[in-house]
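Novice: Quick one: this structure, given as structure tokens, is what I'll be asking you about.
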Amino acid sequence: MDEILKSRVRHIFDAANFVRDLGMQLTQIGDEYCETVLRPSERHRQQHGLIHAGVMATMADHTSGCAARGAVGLDQDVVSVEFKINFLRPAIADRLRCRGRVLRAGKMLVVCEAEVFAEKNSEEKLVSKAMVTLAVKRLYVG
């Protein structure tokens, strides 16, 4: 992936205020691939002390968006139109890692897969898996 495209992916990551407020960090950008991490704190937990489903869903959605953005080229962008997420086990973690990758990039839609892993005591467990569909839209520069 060239540096200009990487910079566009970084820009959509950095421009998302909610994602920044959540504490997500972009750690890898590759060809149709993206990885993010988050160090959970009390504010990321639900009433039972587990990491909130909304945190993992946001990670899956935005990480997929970054992977998809890298697949559509310089003059286009993406926006999520649908996603489905399965929570496979409770998330108890020192760190969450999300890996998103493009499964198919078409002219109008990009389909991605995102997996969220909980890392605790140097062990990594898959805690959720999502399928994310994004619409391709033309970038308007003006």
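Going by the structure tokens order, chains are called A, B, ..., each with residues numbered from 1, while ligands are numbered from 1 in the order shown.
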Determine, counting only C-alpha atoms, which protein, DNA and RNA residues have an atom within 7 Å of an atom of range 129-137 of chain A; residues of the same chain fewer than 5 positions away are not included. Present the result as a list of chain:residue names.

Specialist: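 Returned residues: A:Ala60, A:Asp61, A:Ser64, A:Gln76, A:Asp77, A:Val78, A:Val79, A:Ser80, A:Val81, A:Glu82, A:Phe83, A:Lys84, A:Ile85, A:Asn86, A:Phe87, A:Lys107, A:Met108, A:Leu109, A:Val110, A:Val111, A:Cys112, A:Glu113, A:Ala114, A:Glu115, A:Val116.
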
Novice: DSSP on the backbone: what in range 29-111 of chain A comes out strand (DSSP E), as a count of residues only?

Specialist: 34

Novice: Extract, using only C-alpha atoms, all DNA, RNA and protein residues at most 12 Å from Arg89 in chain A, discarding same-chain residues fewer than 2 positions from it, and format them as a ChimeraX atom specification.

Specialist: /A:50-53,56,86-87,91-93,116-118,125-129

Novice: I'd like the neighbourhood of Asp21 in chain A as an NGL selection string, where a residue qualifies if any of its atoms comes within 12 Å (using only C-alpha atoms), though same-chain residues fewer than 4 positions away should be ignored.

Specialist: :A and (13-17 or 25 or 38 or 43-44 or 55 or 58)

Novice: Go ahead and save the picked residues with all heavy atoms, as a PDB file, in the first residue's frame.

Specialist:
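Output saved as again-v2.pdb:
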```pdb
ATOM      1  N   PHE A  13      -9.371   7.404  10.426  1.00  0.00           N
ATOM      2  CA  PHE A  13      -9.289   6.908  11.800  1.00  0.00           C
ATOM      3  C   PHE A  13      -9.213   8.083  12.774  1.00  0.00           C
ATOM      4  O   PHE A  13      -9.979   8.165  13.730  1.00  0.00           O
ATOM      5  CB  PHE A  13      -8.072   5.991  11.967  1.00  0.00           C
ATOM      6  CG  PHE A  13      -8.075   5.299  13.291  1.00  0.00           C
ATOM      7  CD1 PHE A  13      -8.748   4.099  13.446  1.00  0.00           C
ATOM      8  CD2 PHE A  13      -7.441   5.853  14.383  1.00  0.00           C
ATOM      9  CE1 PHE A  13      -8.784   3.461  14.677  1.00  0.00           C
ATOM     10  CE2 PHE A  13      -7.472   5.232  15.617  1.00  0.00           C
ATOM     11  CZ  PHE A  13      -8.145   4.031  15.766  1.00  0.00           C
ATOM     12  N   ASP A  14      -8.310   9.001  12.507  1.00  0.00           N
ATOM     13  CA  ASP A  14      -8.088  10.129  13.415  1.00  0.00           C
ATOM     14  C   ASP A  14      -9.244  11.120  13.437  1.00  0.00           C
ATOM     15  O   ASP A  14      -9.444  11.820  14.423  1.00  0.00           O
ATOM     16  CB  ASP A  14      -6.798  10.865  13.040  1.00  0.00           C
ATOM     17  CG  ASP A  14      -5.562  10.005  13.258  1.00  0.00           C
ATOM     18  OD1 ASP A  14      -5.631   9.046  14.039  1.00  0.00           O
ATOM     19  OD2 ASP A  14      -4.526  10.301  12.630  1.00  0.00           O
ATOM     20  N   ALA A  15     -10.007  11.202  12.362  1.00  0.00           N
ATOM     21  CA  ALA A  15     -11.096  12.182  12.272  1.00  0.00           C
ATOM     22  C   ALA A  15     -12.367  11.735  12.993  1.00  0.00           C
ATOM     23  O   ALA A  15     -13.296  12.526  13.131  1.00  0.00           O
ATOM     24  CB  ALA A  15     -11.409  12.472  10.803  1.00  0.00           C
ATOM     25  N   ALA A  16     -12.420  10.508  13.455  1.00  0.00           N
ATOM     26  CA  ALA A  16     -13.606   9.997  14.143  1.00  0.00           C
ATOM     27  C   ALA A  16     -13.502  10.319  15.636  1.00  0.00           C
ATOM     28  O   ALA A  16     -12.813   9.632  16.389  1.00  0.00           O
ATOM     29  CB  ALA A  16     -13.737   8.494  13.916  1.00  0.00           C
ATOM     30  N   ASN A  17     -14.189  11.370  16.048  1.00  0.00           N
ATOM     31  CA  ASN A  17     -14.098  11.838  17.433  1.00  0.00           C
ATOM     32  C   ASN A  17     -14.498  10.769  18.447  1.00  0.00           C
ATOM     33  O   ASN A  17     -13.839  10.609  19.475  1.00  0.00           O
ATOM     34  CB  ASN A  17     -14.967  13.084  17.626  1.00  0.00           C
ATOM     35  CG  ASN A  17     -14.440  14.251  16.837  1.00  0.00           C
ATOM     36  OD1 ASN A  17     -13.238  14.379  16.628  1.00  0.00           O
ATOM     37  ND2 ASN A  17     -15.332  15.095  16.370  1.00  0.00           N
ATOM     38  N   GLN A  25      -6.614   2.868  19.206  1.00  0.00           N
ATOM     39  CA  GLN A  25      -5.393   3.269  18.506  1.00  0.00           C
ATOM     40  C   GLN A  25      -5.200   2.401  17.274  1.00  0.00           C
ATOM     41  O   GLN A  25      -5.406   1.189  17.321  1.00  0.00           O
ATOM     42  CB  GLN A  25      -4.173   3.125  19.414  1.00  0.00           C
ATOM     43  CG  GLN A  25      -4.224   4.022  20.624  1.00  0.00           C
ATOM     44  CD  GLN A  25      -3.030   3.788  21.522  1.00  0.00           C
ATOM     45  OE1 GLN A  25      -2.495   2.690  21.620  1.00  0.00           O
ATOM     46  NE2 GLN A  25      -2.614   4.842  22.194  1.00  0.00           N
ATOM     47  N   LEU A  38      -7.118  -1.302  21.997  1.00  0.00           N
ATOM     48  CA  LEU A  38      -7.721  -0.461  23.020  1.00  0.00           C
ATOM     49  C   LEU A  38      -7.376  -1.058  24.373  1.00  0.00           C
ATOM     50  O   LEU A  38      -7.475  -2.275  24.554  1.00  0.00           O
ATOM     51  CB  LEU A  38      -9.242  -0.430  22.837  1.00  0.00           C
ATOM     52  CG  LEU A  38     -10.015   0.415  23.840  1.00  0.00           C
ATOM     53  CD1 LEU A  38     -11.106   1.187  23.121  1.00  0.00           C
ATOM     54  CD2 LEU A  38     -10.624  -0.437  24.923  1.00  0.00           C
ATOM     55  N   ARG A  43     -14.526   2.832  32.308  1.00  0.00           N
ATOM     56  CA  ARG A  43     -15.569   3.413  31.466  1.00  0.00           C
ATOM     57  C   ARG A  43     -15.974   2.512  30.302  1.00  0.00           C
ATOM     58  O   ARG A  43     -17.009   2.731  29.679  1.00  0.00           O
ATOM     59  CB  ARG A  43     -15.142   4.781  30.937  1.00  0.00           C
ATOM     60  CG  ARG A  43     -14.006   4.731  29.943  1.00  0.00           C
ATOM     61  CD  ARG A  43     -13.521   6.128  29.629  1.00  0.00           C
ATOM     62  NE  ARG A  43     -12.413   6.090  28.713  1.00  0.00           N
ATOM     63  CZ  ARG A  43     -12.410   6.669  27.533  1.00  0.00           C
ATOM     64  NH1 ARG A  43     -13.459   7.355  27.136  1.00  0.00           N
ATOM     65  NH2 ARG A  43     -11.363   6.600  26.772  1.00  0.00           N
ATOM     66  N   HIS A  44     -15.174   1.493  30.002  1.00  0.00           N
ATOM     67  CA  HIS A  44     -15.478   0.559  28.912  1.00  0.00           C
ATOM     68  C   HIS A  44     -16.289  -0.650  29.382  1.00  0.00           C
ATOM     69  O   HIS A  44     -16.633  -1.506  28.585  1.00  0.00           O
ATOM     70  CB  HIS A  44     -14.185   0.068  28.264  1.00  0.00           C
ATOM     71  CG  HIS A  44     -13.387   1.162  27.650  1.00  0.00           C
ATOM     72  ND1 HIS A  44     -12.238   1.644  28.229  1.00  0.00           N
ATOM     73  CD2 HIS A  44     -13.583   1.893  26.533  1.00  0.00           C
ATOM     74  CE1 HIS A  44     -11.747   2.617  27.472  1.00  0.00           C
ATOM     75  NE2 HIS A  44     -12.551   2.786  26.446  1.00  0.00           N
ATOM     76  N   VAL A  55     -18.455  -1.366  22.874  1.00  0.00           N
ATOM     77  CA  VAL A  55     -17.019  -1.091  22.657  1.00  0.00           C
ATOM     78  C   VAL A  55     -16.488  -2.017  21.573  1.00  0.00           C
ATOM     79  O   VAL A  55     -15.830  -1.581  20.623  1.00  0.00           O
ATOM     80  CB  VAL A  55     -16.220  -1.256  23.973  1.00  0.00           C
ATOM     81  CG1 VAL A  55     -14.718  -1.182  23.721  1.00  0.00           C
ATOM     82  CG2 VAL A  55     -16.657  -0.217  25.000  1.00  0.00           C
ATOM     83  N   THR A  58     -17.993  -1.153  18.145  1.00  0.00           N
ATOM     84  CA  THR A  58     -17.356   0.036  17.567  1.00  0.00           C
ATOM     85  C   THR A  58     -15.986  -0.306  17.006  1.00  0.00           C
ATOM     86  O   THR A  58     -15.631   0.132  15.908  1.00  0.00           O
ATOM     87  CB  THR A  58     -17.238   1.159  18.626  1.00  0.00           C
ATOM     88  OG1 THR A  58     -18.560   1.512  19.046  1.00  0.00           O
ATOM     89  CG2 THR A  58     -16.528   2.365  18.066  1.00  0.00           C
TER      90      THR A  58
END
```

Novice: Env of Gly30 in chain A: 10 Å cut, atoms = only C-alpha atoms, seq-sep filter 3 positions within chain, self excluded. Answer as a ChimeraX atom specification.

Specialist: /A:1-2,6,9,33-35,66-67,70-71,101
